[in-house]
file upload33.txt (compact mmCIF, C-alpha atoms)
# COMPACT_ATOMS: atom_id res chain seq x y z
CA MET A 361 20.61 41.54 -28.36
CA ILE A 362 19.20 44.20 -26.06
CA SER A 363 20.55 47.71 -26.66
CA VAL A 364 21.00 49.65 -23.43
CA LEU A 365 21.74 53.34 -22.94
CA GLU A 366 23.19 54.21 -19.55
CA ALA A 367 22.26 57.91 -19.33
CA PHE A 368 23.86 60.14 -16.69
CA GLY A 369 22.52 63.43 -15.39
CA GLU A 370 26.03 64.61 -14.59
CA PRO A 371 29.42 64.42 -16.36
CA ILE A 372 30.92 60.96 -16.76
CA SER A 373 33.93 61.30 -14.50
CA TYR A 374 35.12 59.37 -11.42
CA GLY A 375 31.93 59.45 -9.33
CA GLY A 376 29.92 56.70 -7.71
CA GLN A 377 27.23 56.55 -10.40
CA GLU A 378 29.74 55.87 -13.14
CA SER A 379 31.58 53.37 -10.95
CA PHE A 380 28.35 51.50 -10.28
CA VAL A 381 27.65 51.10 -13.98
CA MET A 382 31.19 50.35 -15.08
CA GLU A 383 31.78 47.80 -12.34
CA THR A 384 28.50 46.00 -13.05
CA ILE A 385 28.17 45.68 -16.81
CA PRO A 386 31.35 43.57 -17.32
CA TYR A 387 29.53 40.88 -15.32
CA MET A 388 26.48 40.92 -17.62
CA ASP A 389 26.36 38.62 -20.65
CA SER A 390 27.83 40.42 -23.66
CA ASN A 391 25.81 38.12 -25.92
CA ASP A 392 22.62 39.55 -24.46
CA PHE A 393 23.44 43.26 -24.12
CA LYS A 394 25.13 46.12 -25.95
CA PHE A 395 25.91 49.21 -23.86
CA ASP A 396 26.32 52.87 -24.73
CA LEU A 397 26.91 55.72 -22.27
CA LEU A 398 25.41 59.21 -22.56
CA THR A 399 26.01 62.46 -20.70
CA PRO A 400 24.58 65.84 -21.70
CA TYR A 401 27.90 67.31 -20.56
CA TYR A 402 31.36 65.74 -20.93
CA CYS A 403 33.35 62.59 -20.18
CA ASP A 404 36.83 62.93 -18.71
CA ASN A 405 37.23 59.31 -17.64
CA ASN A 406 39.18 57.70 -20.47
CA GLN A 407 39.25 54.30 -18.76
CA HIS A 408 35.45 54.10 -18.90
CA ARG A 409 35.47 55.32 -22.51
CA GLU A 410 38.07 52.79 -23.62
CA TRP A 411 36.26 49.86 -22.00
CA ILE A 412 32.94 50.74 -23.62
CA GLU A 413 34.51 51.26 -27.05
CA ASP A 414 36.58 48.07 -26.78
CA HIS A 415 33.32 46.18 -26.21
CA GLY A 416 31.48 47.61 -29.19
CA GLY A 417 29.74 50.55 -27.55
CA SER A 418 30.03 54.33 -27.67
CA VAL A 419 30.29 57.17 -25.17
CA TYR A 420 28.25 60.19 -26.21
CA GLU A 421 28.92 63.71 -24.88
CA LEU A 422 26.37 66.36 -25.87
CA GLY A 423 28.51 69.33 -24.83
CA VAL A 424 26.01 71.18 -22.64
CA LYS A 425 27.70 73.43 -20.07
CA PHE A 426 27.50 71.77 -16.66
CA ASN A 427 25.98 73.96 -13.96
CA PRO A 428 25.78 71.98 -10.69
CA GLY A 429 22.58 72.78 -8.83
CA GLY A 430 21.34 75.01 -11.65
CA ASP A 431 18.51 74.79 -14.14
CA ARG A 432 18.78 71.52 -16.04
CA ARG A 433 16.28 72.33 -18.83
CA SER A 434 19.21 73.07 -21.15
CA ILE A 435 19.63 69.32 -21.60
CA ILE A 436 16.16 68.80 -23.09
CA ASN A 437 16.74 69.70 -26.75
CA PRO A 438 20.20 68.08 -27.13
CA THR A 439 18.98 64.83 -25.52
CA SER A 440 15.81 64.79 -27.60
CA GLU A 441 17.81 65.35 -30.79
CA PHE A 442 20.16 62.53 -29.79
CA LEU A 443 17.28 60.08 -29.33
CA ASP A 444 15.80 61.15 -32.66
CA SER A 445 18.66 59.29 -34.34
CA HIS A 446 19.62 56.66 -31.71
CA HIS A 447 17.22 53.90 -30.75
CA TYR A 448 17.41 51.72 -27.62
CA ASP A 449 15.46 48.92 -25.98
CA VAL A 450 16.39 50.18 -22.50
CA VAL A 451 17.33 53.59 -21.13
CA HIS A 452 18.64 53.54 -17.55
CA ILE A 453 18.89 57.05 -16.08
CA HIS A 454 21.34 57.77 -13.26
CA SER A 455 21.35 61.12 -11.50
CA GLY A 456 21.55 62.92 -8.20
CA SER A 457 19.01 65.41 -9.58
CA THR A 458 15.31 64.63 -9.23
CA SER A 459 14.48 66.98 -12.08
CA VAL A 460 16.91 65.20 -14.43
CA LEU A 461 15.40 61.81 -13.60
CA GLY A 462 11.98 63.14 -14.58
CA LEU A 463 13.14 65.08 -17.65
CA LEU A 464 15.12 62.22 -19.16
CA ALA A 465 12.38 59.67 -18.41
CA ARG A 466 9.87 61.83 -20.28
CA ILE A 467 12.21 62.36 -23.25
CA ALA A 468 12.96 58.62 -23.46
CA LYS A 469 9.30 57.61 -23.41
CA GLU A 470 8.41 60.29 -25.97
CA HIS A 471 10.95 58.53 -28.20
CA ASP A 472 9.20 55.17 -27.71
CA VAL A 473 11.89 53.52 -25.59
CA PRO A 474 10.23 50.27 -24.40
CA LEU A 475 11.82 50.21 -20.93
CA VAL A 476 12.85 53.30 -18.96
CA LEU A 477 14.50 53.03 -15.54
CA THR A 478 15.30 55.90 -13.18
CA HIS A 479 17.95 55.38 -10.51
CA SER A 480 18.53 57.47 -7.40
CA HIS A 481 22.09 57.22 -6.13
CA SER A 482 22.06 59.96 -3.49
CA ALA A 483 20.23 61.48 -0.56
CA VAL A 484 19.93 65.09 0.65
CA GLU A 485 21.49 66.75 3.68
CA HIS A 486 18.32 68.37 5.01
CA PHE A 487 14.94 67.70 3.42
CA THR A 488 13.72 71.27 3.04
CA LEU A 489 10.48 72.68 1.66
CA LYS A 490 12.34 73.33 -1.60
CA ASN A 491 13.42 69.68 -1.77
CA TRP A 492 9.84 68.59 -1.11
CA ILE A 493 8.42 70.81 -3.86
CA ILE A 494 10.99 69.64 -6.42
CA ARG A 495 10.45 65.99 -5.50
CA GLU A 496 6.67 66.29 -5.74
CA MET A 497 6.73 68.15 -9.06
CA CYS A 498 9.26 65.85 -10.69
CA SER A 499 7.62 62.70 -9.36
CA TRP A 500 4.71 63.28 -11.73
CA ASP A 501 7.02 62.77 -14.73
CA ILE A 502 8.75 59.84 -13.04
CA GLU A 503 5.40 58.23 -12.18
CA ARG A 504 4.08 58.64 -15.72
CA TYR A 505 7.14 57.86 -17.82
CA ALA A 506 9.46 55.53 -15.85
CA ASP A 507 8.72 51.82 -15.96
CA VAL A 508 11.06 50.88 -13.11
CA LEU A 509 12.14 53.09 -10.20
CA CYS A 510 15.52 52.09 -8.74
CA ALA A 511 17.52 53.34 -5.78
CA CYS A 512 20.72 52.31 -4.05
CA SER A 513 19.07 52.51 -0.63
CA ARG A 514 15.77 53.34 1.03
CA VAL A 515 17.19 56.75 2.02
CA ALA A 516 18.03 57.49 -1.62
CA ALA A 517 14.56 56.35 -2.68
CA GLU A 518 12.85 58.68 -0.22
CA ALA A 519 15.00 61.60 -1.37
CA LYS A 520 13.99 61.35 -5.03
CA TYR A 521 10.57 59.64 -5.19
CA ALA A 522 7.30 60.89 -3.67
CA PRO A 523 5.75 58.77 -0.88
CA ARG A 524 3.06 57.42 -3.21
CA LEU A 525 5.80 55.86 -5.38
CA GLN A 526 7.76 54.09 -2.64
CA ASN A 527 6.02 50.76 -3.19
CA ARG A 528 7.28 50.80 -6.79
CA VAL A 529 10.95 51.23 -5.84
CA LYS A 530 13.43 48.44 -6.49
CA ILE A 531 16.49 48.63 -4.22
CA VAL A 532 19.58 47.72 -6.27
CA ASN A 533 22.65 47.19 -4.10
CA ASN A 534 25.90 48.86 -5.11
CA GLY A 535 27.86 45.70 -5.73
CA ILE A 536 31.64 45.54 -6.00
CA ASP A 537 34.18 43.16 -7.47
CA VAL A 538 35.50 41.56 -4.29
CA HIS A 539 38.40 40.00 -6.18
CA GLN A 540 39.65 43.48 -7.05
CA PHE A 541 38.91 44.81 -3.55
CA SER A 542 40.42 42.04 -1.46
CA TYR A 543 43.29 42.63 0.95
CA LYS A 544 46.70 42.20 -0.74
CA PRO A 545 49.67 42.78 1.61
CA GLU A 546 52.14 42.82 -1.27
CA VAL A 547 50.20 45.62 -3.00
CA ARG A 548 50.07 47.52 0.29
CA THR A 549 53.85 47.40 0.59
CA ARG A 550 54.37 48.47 -3.03
CA VAL A 551 51.91 51.39 -2.96
CA ARG A 552 53.14 52.76 0.36
CA GLY A 553 56.62 52.76 -1.15
CA GLU A 554 55.42 54.55 -4.29
CA LEU A 555 53.73 57.18 -2.11
CA ASN A 556 56.88 57.57 0.01
CA LEU A 557 54.98 56.72 3.17
CA PRO A 558 57.14 55.66 6.11
CA GLU A 559 56.89 51.96 6.88
CA HIS A 560 55.26 52.56 10.26
CA ALA A 561 53.03 55.50 9.24
CA TYR A 562 49.44 55.28 10.48
CA VAL A 563 47.52 56.19 7.31
CA VAL A 564 44.06 57.70 7.60
CA GLY A 565 42.37 57.52 4.20
CA HIS A 566 39.40 58.94 2.33
CA VAL A 567 38.04 58.38 -1.19
CA GLY A 568 35.60 60.85 -2.68
CA ARG A 569 35.07 63.96 -4.73
CA PHE A 570 36.21 67.21 -3.14
CA SER A 571 32.79 68.78 -2.58
CA TYR A 572 30.55 70.20 0.12
CA GLN A 573 28.85 66.80 0.43
CA LYS A 574 32.05 64.96 1.37
CA ASN A 575 32.94 67.37 4.20
CA HIS A 576 36.73 67.33 3.82
CA GLU A 577 37.15 70.35 6.10
CA PHE A 578 35.78 68.33 9.01
CA LEU A 579 38.10 65.44 8.18
CA VAL A 580 41.14 67.74 8.12
CA ASN A 581 40.24 69.11 11.55
CA VAL A 582 39.86 65.56 12.85
CA PHE A 583 43.21 64.58 11.36
CA SER A 584 44.87 67.54 13.04
CA LYS A 585 43.75 66.09 16.40
CA VAL A 586 44.90 62.61 15.38
CA ARG A 587 48.32 64.00 14.47
CA GLU A 588 48.66 65.66 17.88
CA GLN A 589 48.38 62.24 19.52
CA ASP A 590 50.20 60.16 16.93
CA PRO A 591 53.06 61.92 15.07
CA SER A 592 53.27 58.95 12.68
CA ALA A 593 49.78 59.71 11.31
CA HIS A 594 49.42 60.58 7.62
CA LEU A 595 46.32 61.61 5.66
CA LEU A 596 45.75 60.11 2.19
CA LEU A 597 43.06 61.88 0.11
CA VAL A 598 41.90 60.24 -3.13
CA GLY A 599 39.82 62.30 -5.54
CA ALA A 600 39.41 65.68 -7.22
CA GLY A 601 36.80 68.39 -7.16
CA GLU A 602 35.78 71.97 -6.64
CA THR A 603 36.70 72.29 -2.94
CA LYS A 604 40.22 70.89 -3.23
CA GLU A 605 41.92 74.29 -3.26
CA ALA A 606 40.12 75.36 -0.08
CA VAL A 607 41.11 72.10 1.60
CA GLU A 608 44.74 72.61 0.58
CA GLU A 609 44.66 76.09 2.14
CA GLN A 610 43.17 74.68 5.34
CA ILE A 611 45.89 72.03 5.52
CA ALA A 612 48.60 74.66 5.02
CA SER A 613 47.12 76.89 7.73
CA LEU A 614 47.27 73.97 10.19
CA GLY A 615 50.90 73.23 9.32
CA LEU A 616 50.07 69.78 7.91
CA ARG A 617 51.37 70.03 4.34
CA SER A 618 54.03 67.36 4.80
CA ASP A 619 51.53 65.03 6.49
CA VAL A 620 48.94 64.88 3.70
CA THR A 621 49.06 63.21 0.28
CA PHE A 622 46.66 64.12 -2.55
CA THR A 623 46.39 61.56 -5.36
CA GLY A 624 43.91 63.39 -7.59
CA ALA A 625 41.35 61.45 -9.62
CA ILE A 626 42.81 58.00 -10.26
CA ASP A 627 41.83 54.64 -11.73
CA ASN A 628 43.50 52.43 -9.12
CA VAL A 629 41.38 53.18 -6.04
CA SER A 630 41.72 49.58 -4.85
CA ASP A 631 45.51 50.03 -4.63
CA MET A 632 45.12 53.20 -2.55
CA LEU A 633 42.82 51.38 -0.11
CA GLN A 634 45.53 48.76 0.43
CA ALA A 635 47.90 51.51 1.57
CA MET A 636 45.53 52.84 4.25
CA ASP A 637 45.13 51.75 7.87
CA VAL A 638 41.71 53.24 8.61
CA PHE A 639 39.00 54.73 6.39
CA ALA A 640 37.33 57.98 7.52
CA PHE A 641 34.15 59.18 5.82
CA PRO A 642 32.43 62.26 7.33
CA SER A 643 29.88 62.93 4.56
CA ARG A 644 27.03 65.34 5.15
CA PHE A 645 24.68 63.15 3.09
CA GLU A 646 24.86 60.00 0.95
CA GLY A 647 22.72 57.45 -0.81
CA LEU A 648 24.76 54.28 -0.35
CA PRO A 649 28.46 55.12 -0.80
CA ILE A 650 30.19 52.32 -2.65
CA SER A 651 33.58 53.43 -1.31
CA LEU A 652 32.56 52.28 2.18
CA ILE A 653 31.81 48.81 0.86
CA GLU A 654 35.10 48.74 -1.04
CA ALA A 655 37.04 49.83 2.04
CA GLN A 656 35.54 47.08 4.19
CA SER A 657 36.19 44.51 1.47
CA THR A 658 39.91 45.31 1.70
CA GLY A 659 39.73 44.79 5.45
CA LEU A 660 39.85 48.42 6.53
CA PRO A 661 38.14 49.56 9.74
CA VAL A 662 35.71 52.41 9.07
CA VAL A 663 34.74 55.58 10.94
CA THR A 664 31.81 57.19 9.18
CA SER A 665 29.21 59.89 9.55
CA ASP A 666 25.87 59.00 11.09
CA ARG A 667 24.32 60.65 8.01
CA VAL A 668 25.32 57.50 6.11
CA THR A 669 22.87 54.60 6.16
CA GLU A 670 23.78 51.79 8.54
CA LYS A 671 23.14 49.42 5.62
CA THR A 672 26.76 50.08 4.63
CA GLN A 673 28.07 48.14 7.62
CA VAL A 674 29.37 44.70 6.70
CA SER A 675 32.09 44.28 9.37
CA ASP A 676 32.32 44.74 13.14
CA SER A 677 35.12 47.31 12.77
CA TYR A 678 32.70 50.07 11.85
CA VAL A 679 31.86 53.21 13.83
CA ARG A 680 29.14 55.77 13.04
CA LEU A 681 29.46 59.21 14.65
CA SER A 682 27.83 62.62 14.48
CA ILE A 683 29.62 65.26 12.43
CA ASN A 684 28.71 68.08 14.78
CA PRO A 685 31.83 70.21 15.47
CA GLU A 686 31.97 69.19 19.12
CA MET A 687 32.52 65.59 17.97
CA ILE A 688 35.92 66.22 16.39
CA GLU A 689 37.78 64.86 19.44
CA ARG A 690 35.55 61.78 19.48
CA TRP A 691 36.30 61.15 15.80
CA ALA A 692 40.01 61.36 16.52
CA GLU A 693 39.65 58.89 19.39
CA ALA A 694 37.73 56.44 17.19
CA ILE A 695 40.31 56.64 14.41
CA LEU A 696 43.18 56.13 16.85
CA SER A 697 41.42 53.16 18.44
CA PHE A 698 42.21 51.11 15.33
CA ARG A 699 46.00 51.63 15.45
CA ASP A 700 46.67 48.00 16.41
CA TYR A 701 43.84 46.55 14.34
CA PRO A 702 44.74 43.13 12.88
CA ARG A 703 43.74 43.63 9.26
CA ILE A 704 42.15 40.68 7.48
CA ASP A 705 40.39 40.34 4.16
CA GLY A 706 36.71 41.34 4.25
CA ALA A 707 35.63 40.14 0.81
CA GLN A 708 33.46 37.28 2.05
CA LEU A 709 31.67 39.60 4.47
CA VAL A 710 30.77 41.82 1.53
CA VAL A 711 29.42 38.90 -0.48
CA ASN A 712 27.44 37.60 2.50
CA SER A 713 25.87 41.05 2.91
CA GLY A 714 24.60 41.07 -0.68
CA TYR A 715 27.13 43.53 -2.09
CA GLY A 716 28.95 41.13 -4.41
CA ILE A 717 29.01 42.38 -7.99
CA GLU A 718 27.52 39.17 -9.34
CA SER A 719 24.30 39.73 -7.36
CA THR A 720 23.99 43.26 -8.71
CA ALA A 721 24.64 42.10 -12.28
CA ASP A 722 21.95 39.42 -11.94
CA CYS A 723 19.52 42.05 -10.66
CA LEU A 724 20.13 44.41 -13.59
CA THR A 725 19.99 41.54 -16.08
CA ALA A 726 16.51 40.61 -14.86
CA LEU A 727 15.36 44.23 -14.95
CA TYR A 728 16.71 44.94 -18.44
CA LYS A 729 15.08 41.83 -19.85
CA LEU A 730 11.72 43.27 -18.83
CA GLY A 731 12.17 45.42 -21.93
CA GLN A 732 11.55 42.37 -24.08
CA GLU A 733 8.10 42.13 -22.53
CA ASN A 734 7.13 45.76 -23.15
call {"tool": "encode", "arguments": {"input": "upload33.txt", "output": "structure tokens"}}
result
Amino acid sequence: MISVLEAFGEPISYGGQESFVMETIPYMDSNDFKFDLLTPYYCDNNQHREWIEDHGGSVYELGVKFNPGGDRRSIINPTSEFLDSHHYDVVHIHSGSTSVLGLLARIAKEHDVPLVLTHSHSAVEHFTLKNWIIREMCSWDIERYADVLCACSRVAAEAKYAPRLQNRVKIVNNGIDVHQFSYKPEVRTRVRGELNLPEHAYVVGHVGRFSYQKNHEFLVNVFSKVREQDPSAHLLLVGAGETKEAVEEQIASLGLRSDVTFTGAIDNVSDMLQAMDVFAFPSRFEGLPISLIEAQSTGLPVVTSDRVTEKTQVSDSYVRLSINPEMIERWAEAILSFRDYPRIDGAQLVVNSGYGIESTADCLTALYKLGQEN
């Protein structure tokens, strides 16, 4: 049996990195692999914890204080001490931080881990001189210590790996369980009732952490324009995060409190997607957002930022627009254009585009078994 440590450079919470791992490993042969999860920080997702423990693994939290965007060197000693007493055949490192990818790859190899993978799941908004310097410096550790360089998209690869390393990158699609994310009219009816949404409400939805990256303030301004033209419109926001309070204040200032529902961080994202009528996603930057694939699998039309890779398009009901402020009216028009959209299941489109979870699981299985050769 191959022992695998899925190591995260951020807390284990409700983000895309964790979702990628936790949606993929149930489709990998449990006779071949044993999985543990590690974060230098904390885990507040009990569903992930319970699944791992129920299947013979452990979730390790090292208790380092999380400082987004800050110096990550505080994770070095705790992670090194952890690997002094825990031994793995494979360490797969997931992070939005280039420095963490390099640091953890070096620590893993210094502890004689046979196979080390780094995985970029995100892009950057603007590739500045600072980004370039960090990428170049950290790429030396990645080049020397990582055996396999993974990314969810070419954009994510270019954000985290120096140009000289691009020919080593393996693109691993963010696969989803299309059975879970298929259109279910009966679930739609139930969830809309639970949320107290009027039967004929036109529900604009978003799934994502409340953060600068996700650009909720732009979405709220767009929704305000939508509401002016369609009084039945309602905004459904799924997620939690550091900018939520500011978004709530913005909504109140626009007089929209009764027209917006916040769900917080939840485990039943697929149910929330059923309740929506259109999915709006104005991110400032992304790697390959799995929520866009999930939305299209449930048959939702999508209006998304042009900062998101076009590789996320699997259906014809998909619009990419600039997020410049002067485009707010155009976003509202695009969202309203789907009011009479005949919703149908998009699961097969997702599979045909290579985003089925089975394909992703097969890809990781092949990569992890390289550890037997090292």
call {"tool": "residues_around", "arguments": {"input": "upload33.txt", "residues": "A:Gly716", "least_positions_apart": "6", "cutoff": "8 Å", "atoms": "all atoms listed in the file", "output": "list in words"}}
result
Gly535, Ile536, Asp537, Val538 and Val710 of chain A
call {"tool": "closest_atom_pairs", "arguments": {"input": "upload33.txt", "of": "stretch 488-580 of chain A", "to": "stretch 461-472 of chain A", "cutoff": "8 Å", "atoms": "only C-alpha atoms", "output": "tab-separated table"}}
result
residue	atom	partner	partner_atom	distance
A:Cys498	CA	A:Gly462	CA	5.5
A:Ser499	CA	A:Gly462	CA	6.8
A:Trp500	CA	A:Gly462	CA	7.8
A:Asp501	CA	A:Gly462	CA	5.0
A:Ile502	CA	A:Gly462	CA	4.9
A:Tyr505	CA	A:Arg466	CA	5.4
A:Ala506	CA	A:Ala465	CA	5.7
call {"tool": "residues_around", "arguments": {"input": "upload33.txt", "residues": "A:Leu648", "least_positions_apart": "5", "cutoff": "10 Å", "atoms": "only C-alpha atoms", "output": "PyMOL selection string"}}
result
chain A and resi 376+480-483+511-516+533-534+653+668-672
call {"tool": "residues_around", "arguments": {"input": "upload33.txt", "residues": "A:Gly624", "least_positions_apart": "3", "cutoff": "12 Å", "atoms": "only C-alpha atoms", "output": "PDB file with C-alpha atoms, in the coordinates of the input"}}
result
ATOM      1  CA  TYR A 374      35.120  59.370 -11.420  1.00  0.00           C
ATOM      2  CA  HIS A 566      39.400  58.940   2.330  1.00  0.00           C
ATOM      3  CA  VAL A 567      38.040  58.380  -1.190  1.00  0.00           C
ATOM      4  CA  GLY A 568      35.600  60.850  -2.680  1.00  0.00           C
ATOM      5  CA  ARG A 569      35.070  63.960  -4.730  1.00  0.00           C
ATOM      6  CA  PHE A 570      36.210  67.210  -3.140  1.00  0.00           C
ATOM      7  CA  LEU A 596      45.750  60.110   2.190  1.00  0.00           C
ATOM      8  CA  LEU A 597      43.060  61.880   0.110  1.00  0.00           C
ATOM      9  CA  VAL A 598      41.900  60.240  -3.130  1.00  0.00           C
ATOM     10  CA  GLY A 599      39.820  62.300  -5.540  1.00  0.00           C
ATOM     11  CA  ALA A 600      39.410  65.680  -7.220  1.00  0.00           C
ATOM     12  CA  GLY A 601      36.800  68.390  -7.160  1.00  0.00           C
ATOM     13  CA  GLU A 602      35.780  71.970  -6.640  1.00  0.00           C
ATOM     14  CA  LYS A 604      40.220  70.890  -3.230  1.00  0.00           C
ATOM     15  CA  GLU A 605      41.920  74.290  -3.260  1.00  0.00           C
ATOM     16  CA  THR A 621      49.060  63.210   0.280  1.00  0.00           C
ATOM     17  CA  ASP A 627      41.830  54.640 -11.730  1.00  0.00           C
ATOM     18  CA  ASN A 628      43.500  52.430  -9.120  1.00  0.00           C
ATOM     19  CA  VAL A 629      41.380  53.180  -6.040  1.00  0.00           C
ATOM     20  CA  MET A 632      45.120  53.200  -2.550  1.00  0.00           C
TER      21      MET A 632
END
call {"tool": "atom_distance", "arguments": {"input": "upload33.txt", "atom1": "atom CA of A:Ile695", "atom2": "atom CA of A:Asn712"}}
result
25.9 Å
call {"tool": "closest_residue", "arguments": {"input": "upload33.txt", "among": "A:Gly369, A:Pro400, A:Pro545, A:Gly615", "to": "A:Asp705", "atoms": "all atoms listed in the file"}}
result
A:Pro545
call {"tool": "build_atoms", "arguments": {"input": "upload33.txt", "residues": "stretch 392-410 of chain A", "atoms": "N, CA and C atoms", "output": "short mmCIF file (atom, residue, chain, number, x, y, z; two decimals), keeping the file's coordinate frame"}}
result
data_model
loop_
_atom_site.label_atom_id
_atom_site.label_comp_id
_atom_site.auth_asym_id
_atom_site.auth_seq_id
_atom_site.Cartn_x
_atom_site.Cartn_y
_atom_site.Cartn_z
N ASP A 392 23.99 39.09 -24.66
CA ASP A 392 22.62 39.55 -24.46
C ASP A 392 22.47 41.06 -24.54
N PHE A 393 23.55 41.81 -24.25
CA PHE A 393 23.44 43.26 -24.12
C PHE A 393 24.54 44.00 -24.88
N LYS A 394 24.17 45.16 -25.40
CA LYS A 394 25.13 46.12 -25.95
C LYS A 394 24.92 47.44 -25.22
N PHE A 395 26.01 48.02 -24.71
CA PHE A 395 25.91 49.21 -23.86
C PHE A 395 26.53 50.43 -24.51
N ASP A 396 25.79 51.55 -24.44
CA ASP A 396 26.32 52.87 -24.73
C ASP A 396 26.18 53.72 -23.47
N LEU A 397 27.02 54.75 -23.35
CA LEU A 397 26.91 55.72 -22.27
C LEU A 397 26.58 57.09 -22.86
N LEU A 398 25.78 57.87 -22.13
CA LEU A 398 25.41 59.21 -22.56
C LEU A 398 25.50 60.19 -21.39
N THR A 399 26.10 61.34 -21.63
CA THR A 399 26.01 62.46 -20.70
C THR A 399 25.68 63.71 -21.50
N PRO A 400 24.81 64.57 -21.00
CA PRO A 400 24.58 65.84 -21.70
C PRO A 400 25.80 66.75 -21.65
N TYR A 401 26.78 66.42 -20.84
CA TYR A 401 27.90 67.31 -20.56
C TYR A 401 29.19 66.79 -21.19
N TYR A 402 30.07 66.19 -20.41
CA TYR A 402 31.36 65.74 -20.93
C TYR A 402 31.78 64.47 -20.21
N CYS A 403 32.74 63.77 -20.79
CA CYS A 403 33.35 62.59 -20.18
C CYS A 403 34.84 62.82 -20.09
N ASP A 404 35.38 62.79 -18.86
CA ASP A 404 36.83 62.93 -18.71
C ASP A 404 37.47 61.67 -18.12
N ASN A 405 36.70 60.58 -18.14
CA ASN A 405 37.23 59.31 -17.64
C ASN A 405 37.54 58.42 -18.85
N ASN A 406 38.79 58.44 -19.26
CA ASN A 406 39.18 57.70 -20.47
C ASN A 406 39.16 56.19 -20.26
N GLN A 407 39.32 55.73 -19.02
CA GLN A 407 39.25 54.30 -18.76
C GLN A 407 37.85 53.78 -19.05
N HIS A 408 36.83 54.50 -18.60
CA HIS A 408 35.45 54.10 -18.90
C HIS A 408 35.21 54.12 -20.41
N ARG A 409 35.68 55.19 -21.07
CA ARG A 409 35.47 55.32 -22.51
C ARG A 409 36.11 54.16 -23.27
N GLU A 410 37.35 53.85 -22.91
CA GLU A 410 38.07 52.79 -23.62
C GLU A 410 37.38 51.44 -23.44
#
